[in-house]
Amino acid sequence: MNLHAIEKKWQKKWSESNVFKVKEDSKKKKYYVLEMFPYPSGSGLHMGHAFNYTIGDIYARFKRMNGFNVLYPMGYDSFGLPAENAAIKAGIHPKDYTNKAIANFIKQQKSLGLSYDWSRMISTCTPEYYKWNQYFFLKFMEKGLVYRKEASVNWCPKCKTVLANEQVHNGKCWRHKDTEVEQKELEQWFIKTTEYAEELLEDLEKIDWPERIKVMQRNWIGKSEGVILKFDVINEKGEKIDEISTFTTRADTVYGITYLVLAVEHPKVIEWTKGTKYEMKVKEFIKKVKKKSIIERTAEGKEKNGVFLGKYFINPFTGDKCPLWVADYVLYDYGTGAVMAVPTHDERDFQFAKKYDLPMKVVITPKNKKLKAHEMNHAYVEKGILINSGKFDGMENEEAKEKIIELAEKKGWGKKTITYKLKDWLISRQRYWGTPIPIIKCPECGIVPVPYKDLPVMLPHNVKFGEGNPLTTNKKFVKTKCPKCGRDAERETDTMDTFFDSSWYYLRYADNKNDKEPFDKKKVKYWLPVDQYIGGAEHACMHLIYARFFTKVLRDIGFIDFDEPFKKLFNQGMLHGDDGAVMSKSRGNVVLPEVISKKYGIDTARFFLISLASPDKDLRWSDEGIEGSYRFIKKIMKYFKNVKIGKSSKKIESKLNKTIKLVTEYIQEFKYNLASIRLREFFDSLKEEESKETLETFLKLLHPFCPHITEELWEKIGNKPFISLASWPQYDESKIDEKAEACDEFIENVRKDIHSVKNIIKLKKINEIKIIVAPKWKYVFFEKIKKILEKTRNVREILKELMKTELKTHGKEISKIVPNLVKNNNKIPKIILSQKTEVQALKENKEMLEKEFNAKIIIETTEESKELKAKQSNPNKPSIILK
RNA sequence: GUGGGGGUGCCGGAGCGGUCAAACGGGCAGGACUUAAGAUCCUGUGGCUUAGUGCCUUCGCGAGUUCGAAUCUCGUCCCCCACACCA
């Protein structure tokens with residue numbers, strides 16, 4: 001039977017027998033393995049996807065065999081722009097496009113042999129799912145976490161919709177790397193993710209995630225502790241006309257403030273200049289700045305521009321009067337949108353001050369040097385001692401910072417504050433293929449939430465694609481009655497960001513068919529949280545933040561009782577094509593699993609993918625490389641065809657137990673590549689006759705990687721299906737016999753030596769092989785060393801110990817060997833066999849060697865070193881003479 | 001610029017203080033089998049040597065710690081990835 005047929009056979013059997021279907025079982029420990037669910041793209045999946053899912057499948061199978069009740073589901077993130085765009089292009093309705101794509105995905109995934117519980121499948125574009133998006137939206141609203149606000153928002157001209165901050169990468173749309181995001185003033189729906197900023201940050205400590213993802217999230221949340229300072233704004237005559245606040249983390253530099261800058265978006269900029277001679281210039285400046293793209297405006301190191309506002313403020317610490325400016329380097333949506341400037345101790349302020357010739361005042365200086373403002377080329381940002389700072393002079397700046405904040409708070413000039421870079425989540429989208437936001441706009445009552453009983457708000461099928469938001473083109477959808485007053489009203493036509501869908505899907509798997517509630521709390525309590533999550537790093541600051549946020553909110557409104565959705569996270573590497581670039585349809589370097597499966601079998605492909613490299617690293621597909629795995633699989637098939645079931649040797653038992661130990665550890669730690677090597681090694685040592693147990697264990701160890709052929713062979717050696725449900729082998733430490741393995745290694749060395757001797761003297765045919773095992777005393781010597789080695793591996797100590805022993809009789813030899821030992825200390829073997837053991841091992845393997853070399857073997861032992869032609873210094877090797 | 005990860009033989013990639021001239025795979029070379037090819041199996045694959053011992057040079061480059069470094073420390077160069085005027 002060919003490999004392809006075997007795959008089909010077992011995939012069918014698994015499916016028919018519902019092997020991977022699970023339900024809650026309080027007697028069994030659960031384990032939840034989850035891969036980030038895919039967006040079902042029309043182009044189907046390639047080997048890169050196969051690699052992802054294989055990583056999870058191996059883990060799920062491993063845990064299942066280890067007795068866990070394993071939840072391993074699959075679903076589809078099926079709302080989203082690509083479907084809508086593809087639909088527009090090809091003239092198909094997004095729904096049809098998506099459903100077709102999903103059907104194709106399922107077919108492909110099944111043929112990879114993935115052990116999903118398909119009965120739990122979900123698709124986010126179905127009303128059965130998105131109903132609960134709407135439900136949660138309303139719950140969030142009740143909790144006060146949803147609001148509508150006009151704001152400057154990110155707009156992608158290609159997507160024709162607004163985007164959340166997380167979806168803007170380097171000023172460009174996350175879907176269109178070539179499209180600059182524009183800023184538009186629009187009224188939009190937001191979710192208060194910022195309310196959970198602190199917890200999102202703190203709880204990173206609780207979870208077992210790759211450090212780099214945690215770092216990325218920490219940076220994204222961007223906590224900084226500082227103080228908000230309030231300044232009196234005065235006009236040219238010195239009369240107080242207003243106040244302005246700034247945020248700073250460097251309260252220690254307040255005596256060095258020489259001016260203050262506002263962001264161009266700051267409303268005070270217009271307010272203060274209105275009707276003054278500065279108005280024109282300021283307006284012109286704002287216009288010019290707003291024209292620029294985000295990148296142009298915010299890239300670090302860009303030249304800074306600004307305009308004087310004609311107003312001043314008083315620095316309460318010094319009483320100084322300083323000018324107010326507007327500048328393009330100040331971010332409106334961070335802190336207060338205004339910055340106190342200390343040119344001598346902030347590089348940006350320094351550059352700005354130099355350019356516009358603003359005053360500078362040094363307030364911190366290194367201990368051994370006096371800084372002078374006019375001599376500086378850069379701002380001084382290191383630690384130092386305060387000067388020119390009134391009563392704080394001479395204080396270390398870190399200490400001064402605390403004291404100054406105290407003073408500011410006491411005097412009412414400022415307040416200790418924490419700010420975050422994290423912004424609220426903008427969730428409304430002006431596109432069709434998403435969850436309708438369940439809101440009705442009534443001219444009388446205003447914004448009215450759709451009552452729970454009216455959910456779901458169905459996404460209408462008939463809309464016109466093209467200009468603007470397609471939902472507005474369906475009058476039947478838009479026109480409705482106000483649930484409060486019953487008058488004519490209109491529906492919200494914005495849909496939700498699809499990241500809303502993916503923020504809770506992992507909960508729905510626990511109870512995917514529930515139509516009364518989003519999920520049964522008891523079921524979720526049993527299965528959740530996810531024990532092992534698997535996915536790429538690209539979601540570090542998007543999905544992985546939203547999902548964590550969602551979890552915390554659901555906990556607070558009483559749906560769940562845990563804090564973090566994903567206890568452990570594994571980031572797999574990216575699969576690259578033969579050309580070295582990331583495998584993708586657009587690159588044209590994709591390898592299709594079905595093609596490989598036909599030629600080599602999918603087990604071969606799976607084994608190849610995981611043996612290439614550690615799965616957390618990027619790897620490169622190679623058409624040649626897979627041949628090696630193919631050979632291995634074929635060898636296994638052939639071996640099982642011919643193997644005699646009988647008894648296994650002690651040596652094999654030892655190896656087997658060691659292999660169990662190692663492979664188990666390797667899989668546990670996602671070191672699949674090392675597991676594959678160990679399996680190969682072990683397989684190579686199998687003999688023509690082995691015990692059933694040995695063979696079974698080997699198949700079990702191989703099963704997570706190659707599920708199909710192992711099922712087949714499992715059956716072939718007389719077992720009932722399914723190996724998928726068999727229990728993982730346990731190793732017996734006492735059966736691991738290092739000595740037996742050392743013997744094996746010894747024989748292997750002898751074999752290699754015979755080969756090299758044969759090569760060197762270029763003997764084609766050998767009649768006789770004489771193996772002379774070294775003199776006895778050396779073994780005595782090594783026995784001693786061995787004893788010492790048990791105590792220490794430190795060479796110096798070994799030597800010390802050796803001096804104490806009574807090896808005087810062999811003083812000469814020792815004097816030769818010991819320096820050698822010291823020089824090549826790496827040559828100290830871990831296990832030293834005795835002469836007797838070696839001879840015994842040789843005798844046992846005599847027949848095998850004779851057969852291989854087709855020669856007679858003579859084994860000799862000797863007490864005399866002379867006979868060995870003197871030079872030999874490594875007594876751990878026998879001498880070999882060929883005839 | 002900041003943070004994270006890397007640089008290993010012809011190639012992919014293990015190893016992360018001693019059994020390291022470096023796992024495992026690929027490639028290449030030689031041999032066995034075969035009429036031949038393929039498949040399969042065996043051997044070799046840094047250099048010099050050579051009755052197997054041994055010696056030299058190698059894990060980006062330079063220095064150091066150690067009896068001993070691919071592995072630890074410092075410096076340096078290069079590559080990748082993320083963040084990017086966050087006050």
# chains A, B, ... in the order shown; residues from 1 in each chain; ligands from 1
$ closest_atom_pairs --of "chain B" --to "chain A" --cutoff "9 Å" --atoms "only C-alpha atoms (C1' of nucleotides)" --output "tab-separated table"
residue	atom	partner	partner_atom	distance
B:G1	C1'	A:Glu300	CA	8.6
B:G3	C1'	A:Val215	CA	7.9
B:G4	C1'	A:Arg212	CA	6.0
B:G12	C1'	A:Leu612	CA	7.2
B:G13	C1'	A:Ala613	CA	6.0
B:A14	C1'	A:Leu674	CA	7.8
B:G18	C1'	A:Asn826	CA	4.9
B:U19	C1'	A:Pro829	CA	4.8
B:C20	C1'	A:Asn826	CA	8.6
B:A23	C1'	A:Ile677	CA	8.1
B:C24	C1'	A:Ile677	CA	5.4
B:G25	C1'	A:Gly628	CA	6.4
B:G26	C1'	A:Gly625	CA	5.3
B:G27	C1'	A:Glu624	CA	8.9
B:U43	C1'	A:His755	CA	7.9
B:U50	C1'	A:Ile760	CA	8.1
B:A51	C1'	A:Val757	CA	6.7
B:G52	C1'	A:Val757	CA	5.2
B:U53	C1'	A:Gln872	CA	5.3
B:C67	C1'	A:Arg796	CA	6.1
B:G68	C1'	A:Asn825	CA	7.1
B:A82	C1'	A:Met216	CA	7.1
B:C83	C1'	A:Asn219	CA	7.4
B:A84	C1'	A:Glu300	CA	6.5
B:C85	C1'	A:Glu300	CA	4.6
B:C86	C1'	A:Tyr334	CA	6.3
B:A87	C1'	A:Thr248	CA	5.7
$ residues_around --residues "segment 117-134 of chain A" --least-positions-apart "6" --cutoff "8 Å" --atoms "only C-alpha atoms (C1' of nucleotides)" --output "JSON, numbers by chain"
{"A": [20, 21, 22, 71, 72, 73, 74, 75, 76, 77, 78, 79, 434, 435, 436, 437, 438, 455, 456, 457, 458, 500, 501, 508, 509, 510, 511, 512, 513, 515, 517, 518]}
$ write_last_selection --atoms "N, CA, C and O atoms" --output "short mmCIF file (atom, residue, chain, number, x, y, z; two decimals), in the first residue's frame"
data_model
loop_
_atom_site.label_atom_id
_atom_site.label_comp_id
_atom_site.auth_asym_id
_atom_site.auth_seq_id
_atom_site.Cartn_x
_atom_site.Cartn_y
_atom_site.Cartn_z
N PHE A 20 -11.08 11.97 17.86
CA PHE A 20 -10.55 13.17 18.50
C PHE A 20 -11.64 14.05 19.11
O PHE A 20 -11.39 15.15 19.55
N LYS A 21 -12.84 13.51 19.13
CA LYS A 21 -13.94 14.26 19.73
C LYS A 21 -13.81 14.18 21.25
O LYS A 21 -13.55 13.10 21.79
N VAL A 22 -13.95 15.31 21.90
CA VAL A 22 -13.82 15.29 23.36
C VAL A 22 -15.00 15.95 24.04
O VAL A 22 -15.68 16.78 23.44
N LEU A 71 -8.35 19.26 24.38
CA LEU A 71 -9.20 20.06 23.50
C LEU A 71 -8.30 20.67 22.44
O LEU A 71 -7.37 21.43 22.75
N TYR A 72 -8.57 20.29 21.22
CA TYR A 72 -7.75 20.78 20.11
C TYR A 72 -8.68 21.10 18.94
O TYR A 72 -8.99 20.24 18.13
N PRO A 73 -9.16 22.33 18.89
CA PRO A 73 -10.17 22.71 17.91
C PRO A 73 -9.62 23.57 16.77
O PRO A 73 -8.49 24.04 16.83
N MET A 74 -10.44 23.78 15.81
CA MET A 74 -10.07 24.64 14.68
C MET A 74 -11.29 25.45 14.26
O MET A 74 -12.43 24.99 14.38
N GLY A 75 -11.03 26.65 13.81
CA GLY A 75 -12.11 27.51 13.35
C GLY A 75 -11.59 28.55 12.38
O GLY A 75 -10.40 28.55 12.06
N TYR A 76 -12.45 29.44 11.96
CA TYR A 76 -12.06 30.38 10.92
C TYR A 76 -12.44 31.81 11.23
O TYR A 76 -13.59 32.11 11.59
N ASP A 77 -11.48 32.68 11.08
CA ASP A 77 -11.63 34.10 11.32
C ASP A 77 -12.16 34.69 10.01
O ASP A 77 -11.41 35.30 9.25
N SER A 78 -13.44 34.48 9.77
CA SER A 78 -13.89 34.58 8.39
C SER A 78 -14.49 35.91 7.96
O SER A 78 -14.82 36.09 6.81
N PHE A 79 -14.62 36.84 8.91
CA PHE A 79 -14.98 38.19 8.49
C PHE A 79 -13.69 38.91 8.10
O PHE A 79 -12.62 38.57 8.58
N GLY A 434 -18.36 42.39 8.13
CA GLY A 434 -18.03 42.36 9.55
C GLY A 434 -19.32 42.34 10.36
O GLY A 434 -20.42 42.33 9.81
N THR A 435 -19.16 42.35 11.68
CA THR A 435 -20.34 42.31 12.54
C THR A 435 -20.98 43.70 12.63
O THR A 435 -20.30 44.65 13.01
N PRO A 436 -22.27 43.81 12.31
CA PRO A 436 -22.92 45.12 12.46
C PRO A 436 -22.92 45.57 13.92
O PRO A 436 -23.17 44.76 14.81
N ILE A 437 -22.60 46.81 14.12
CA ILE A 437 -22.61 47.33 15.49
C ILE A 437 -24.07 47.53 15.91
O ILE A 437 -24.83 48.19 15.21
N PRO A 438 -24.49 46.93 17.01
CA PRO A 438 -25.91 46.88 17.36
C PRO A 438 -26.42 48.16 17.99
O PRO A 438 -26.74 48.21 19.18
N LEU A 455 -31.28 40.61 19.09
CA LEU A 455 -30.02 40.14 18.51
C LEU A 455 -30.23 38.79 17.85
O LEU A 455 -31.08 38.01 18.31
N PRO A 456 -29.52 38.45 16.82
CA PRO A 456 -28.50 39.29 16.20
C PRO A 456 -29.08 40.32 15.25
O PRO A 456 -30.14 40.11 14.69
N VAL A 457 -28.37 41.43 15.11
CA VAL A 457 -28.66 42.34 14.01
C VAL A 457 -28.01 41.69 12.81
O VAL A 457 -26.80 41.57 12.74
N MET A 458 -28.85 41.18 11.91
CA MET A 458 -28.32 40.40 10.80
C MET A 458 -27.63 41.30 9.78
O MET A 458 -28.13 42.38 9.45
N PHE A 500 -12.22 42.09 17.04
CA PHE A 500 -13.22 41.87 18.08
C PHE A 500 -13.62 40.38 18.06
O PHE A 500 -13.73 39.74 19.11
N ASP A 501 -13.80 39.85 16.86
CA ASP A 501 -14.19 38.44 16.70
C ASP A 501 -13.15 37.51 17.32
O ASP A 501 -13.48 36.53 17.99
N ARG A 508 -15.38 30.20 22.81
CA ARG A 508 -16.52 29.62 22.11
C ARG A 508 -16.28 28.13 21.78
O ARG A 508 -17.22 27.36 21.68
N TYR A 509 -15.04 27.75 21.60
CA TYR A 509 -14.74 26.35 21.30
C TYR A 509 -15.23 25.43 22.41
O TYR A 509 -15.55 24.27 22.18
N ALA A 510 -15.27 25.96 23.61
CA ALA A 510 -15.69 25.14 24.74
C ALA A 510 -17.16 24.79 24.64
O ALA A 510 -17.62 23.81 25.24
N ASP A 511 -17.89 25.57 23.85
CA ASP A 511 -19.33 25.36 23.78
C ASP A 511 -19.86 26.03 22.51
O ASP A 511 -20.61 26.99 22.56
N ASN A 512 -19.48 25.48 21.38
CA ASN A 512 -19.66 26.22 20.12
C ASN A 512 -21.08 26.23 19.58
O ASN A 512 -21.37 26.94 18.64
N LYS A 513 -21.97 25.41 20.14
CA LYS A 513 -23.31 25.35 19.55
C LYS A 513 -24.37 26.02 20.41
O LYS A 513 -25.54 25.97 20.09
N ASP A 515 -26.96 28.38 21.72
CA ASP A 515 -27.68 29.52 21.15
C ASP A 515 -28.41 30.33 22.21
O ASP A 515 -29.14 31.25 21.90
N GLU A 517 -26.62 31.45 25.10
CA GLU A 517 -25.61 32.35 25.66
C GLU A 517 -24.30 32.13 24.91
O GLU A 517 -24.17 31.15 24.19
N PRO A 518 -23.36 33.07 25.09
CA PRO A 518 -22.11 32.93 24.31
C PRO A 518 -21.39 31.60 24.60
O PRO A 518 -20.77 31.04 23.72
#
$ select_by_dssp --residues "segment 558-676 of chain A" --states "strand (DSSP E)" --output "MDAnalysis selection string"
chainID A and resid 566:571 575:576 619:620 644:645
$ write_last_selection --atoms "N, CA and C atoms" --output "compact mmCIF listing (two decimals), in the first residue's frame"
# COMPACT_ATOMS: atom_id res chain seq x y z
N PHE A 566 -4.16 32.87 27.70
CA PHE A 566 -3.18 31.92 27.16
C PHE A 566 -2.01 31.76 28.12
N LYS A 567 -2.00 30.64 28.81
CA LYS A 567 -0.96 30.45 29.83
C LYS A 567 0.43 30.38 29.22
N LYS A 568 0.53 29.57 28.14
CA LYS A 568 1.82 29.43 27.48
C LYS A 568 1.66 29.80 26.02
N LEU A 569 2.69 30.42 25.49
CA LEU A 569 2.65 30.81 24.09
C LEU A 569 3.90 30.29 23.41
N PHE A 570 3.71 29.73 22.24
CA PHE A 570 4.87 29.32 21.46
C PHE A 570 4.82 30.04 20.12
N ASN A 571 5.93 30.68 19.78
CA ASN A 571 6.03 31.37 18.49
C ASN A 571 6.77 30.50 17.51
N LEU A 575 8.18 29.69 7.52
CA LEU A 575 8.73 28.82 6.50
C LEU A 575 9.06 29.65 5.27
N HIS A 576 10.29 29.48 4.80
CA HIS A 576 10.71 30.19 3.60
C HIS A 576 10.72 29.22 2.43
N LEU A 619 12.65 28.60 8.85
CA LEU A 619 13.33 27.57 8.10
C LEU A 619 13.05 27.65 6.63
N ARG A 620 13.86 26.93 5.94
CA ARG A 620 13.81 27.03 4.49
C ARG A 620 13.45 25.68 3.91
N LYS A 644 11.14 -9.65 12.63
CA LYS A 644 10.63 -10.82 13.35
C LYS A 644 10.28 -10.37 14.76
N ILE A 645 9.09 -10.73 15.19
CA ILE A 645 8.72 -10.32 16.54
C ILE A 645 9.16 -11.41 17.51
$ closest_residue --among "A:Ala353, A:Leu358, A:Val181, A:Val582" --to "His49 of chain A" --atoms "only C-alpha atoms"
A:Val582
$ select_by_dssp --residues "segment 90-292 of chain A" --states "helix (DSSP H, G or I)" --output "ChimeraX atom specification"
/A:90,94-110,118-120,127-142,165-167,193-206,211-221,251-256,267-273,279-291
$ residues_around --residues "Val362 of chain A" --least-positions-apart "4" --cutoff "9 Å" --atoms "only C-alpha atoms (C1' of nucleotides)" --output "list in words"
Thr253, Tyr255, Gly256, Val342, Pro343, Thr344, His345, Leu371, Lys372, Ala373, Tyr380, Leu386, Ile387 and Asn388 of chain A
$ atom_distance --atom1 "atom CA of Asp497 of chain A" --atom2 "atom CA of Val450 of chain A"
18.7 Å
$ closest_residue --among "B:G62, B:G9, B:G54, B:G15" --to "G75 of chain B" --atoms "only C-alpha atoms (C1' of nucleotides)"
B:G62
$ atom_distance --atom1 "atom CA of Arg429 of chain A" --atom2 "atom CA of Thr495 of chain A"
5.1 Å
